[in-house]
Amino acid sequence: VGEPKVADELFDYPRATADAPVNPQAWAIRDSSDDLRITWEAPLSDNGATITEYRIEATVDGYANTVDFDVDGDLREAVVTLTGGTQYDMRIKALNDHGYGLTADITPICEPDIEDCVAL
C-alpha cells in the first residue's frame, strides 16, 4: 500500500483564493450622469484555480448599503449604472473555485473635458 497521490498533489499545487485585481479604475461616461466604465487587469496570481467571475461592489454609507455587479471572468471592463449625485466607495475582487479573493479599491479617473466629474 503506497502513499495517496491526492495528498502529494495538494502539497505540490496549493490552491487558494485569487490575488486582488490590478489597477482598477472608474471612468465617467460622456453624456451620462449614472454610468461608469470600470477597467482592471487580472490578478497577478489566480493561485492555481481559474478566475470565473469578478465582483464589483459599490457601497454607500460605510458598507450599510451595497450594490454588487458580477462580471464574467474573461472580461477586463464593465459599465455599471449607479444613482447620479451619490458618492460611492467602490472595490473589485476575483472569484475562483476557492471563493472570492482579496479586494482592490477602484480609483476614480476624471477626464478634463467631462463637466462635473468628481471622485466617487
# chains A, B, ... in the order shown; residues from 1 in each chain; ligands from 1
call {"tool": "select_by_dssp", "arguments": {"residues": "segment 56-120 of chain A", "states": "strand (DSSP E)", "output": "number ranges by chain"}}
result
A: 56-60, 65-72, 77-81, 89-96, 99-105, 107-109
call {"tool": "write_last_selection", "arguments": {"atoms": "C-alpha atoms", "output": "compact mmCIF listing (two decimals), in the first residue's frame"}}
result
# COMPACT_ATOMS: atom_id res chain seq x y z
CA ILE A 56 -17.65 44.98 -8.40
CA GLU A 57 -19.03 46.35 -5.13
CA ALA A 58 -20.44 49.88 -4.88
CA THR A 59 -21.24 50.93 -1.33
CA VAL A 60 -22.92 53.91 0.26
CA ASN A 65 -25.92 49.66 1.52
CA THR A 66 -24.02 47.67 -1.14
CA VAL A 67 -24.83 47.11 -4.81
CA ASP A 68 -22.98 44.20 -6.46
CA PHE A 69 -22.22 43.78 -10.16
CA ASP A 70 -21.00 40.34 -11.29
CA VAL A 71 -18.84 40.21 -14.43
CA ASP A 72 -17.60 37.21 -16.46
CA GLU A 77 -14.02 46.01 -18.16
CA ALA A 78 -17.67 46.67 -17.42
CA VAL A 79 -20.18 49.52 -17.50
CA VAL A 80 -22.16 49.91 -14.29
CA THR A 81 -25.19 52.12 -13.71
CA ASP A 89 -16.90 53.61 -2.33
CA MET A 90 -16.03 51.01 -4.96
CA ARG A 91 -13.88 47.90 -4.99
CA ILE A 92 -13.41 44.74 -7.04
CA LYS A 93 -12.47 41.13 -6.29
CA ALA A 94 -12.00 37.91 -8.27
CA LEU A 95 -13.79 34.58 -7.78
CA ASN A 96 -12.18 31.18 -8.32
CA GLY A 99 -14.14 31.67 -3.22
CA TYR A 100 -13.68 35.42 -3.53
CA GLY A 101 -10.14 36.72 -3.20
CA LEU A 102 -8.65 39.94 -1.93
CA THR A 103 -10.33 43.22 -2.85
CA ALA A 104 -8.81 46.23 -4.58
CA ASP A 105 -10.18 49.76 -4.29
CA THR A 107 -9.60 54.59 -8.38
CA PRO A 108 -11.80 57.29 -9.93
CA ILE A 109 -10.36 58.88 -13.09
call {"tool": "closest_residue", "arguments": {"among": "A:Asp19, A:Thr86, A:His98, A:Cys110", "to": "Asp61 of chain A", "atoms": "only C-alpha atoms"}}
result
A:Thr86
call {"tool": "closest_residue", "arguments": {"among": "A:Ile106, A:Pro21, A:Ile38, A:Tyr88", "to": "Gly62 of chain A", "atoms": "only C-alpha atoms"}}
result
A:Tyr88
call {"tool": "atom_distance", "arguments": {"atom1": "atom CA of Ala16 of chain A", "atom2": "atom CA of Ser45 of chain A"}}
result
9.9 Å
call {"tool": "closest_residue", "arguments": {"among": "A:Leu82, A:Ala42, A:Ala64, A:Leu75", "to": "Ile29 of chain A", "atoms": "only C-alpha atoms"}}
result
A:Leu82
call {"tool": "residues_around", "arguments": {"residues": "Val22 of chain A", "least_positions_apart": "4", "cutoff": "7 Å", "atoms": "only C-alpha atoms", "output": "JSON, numbers by chain"}}
result
{"A": [40, 41, 42, 43]}
call {"tool": "closest_residue", "arguments": {"among": "A:Arg37, A:Asp97, A:Gly84, A:Arg30", "to": "Ala18 of chain A", "atoms": "only C-alpha atoms"}}
result
A:Asp97
call {"tool": "atom_distance", "arguments": {"atom1": "atom CA of Ala28 of chain A", "atom2": "atom CA of Gln87 of chain A"}}
result
13.2 Å
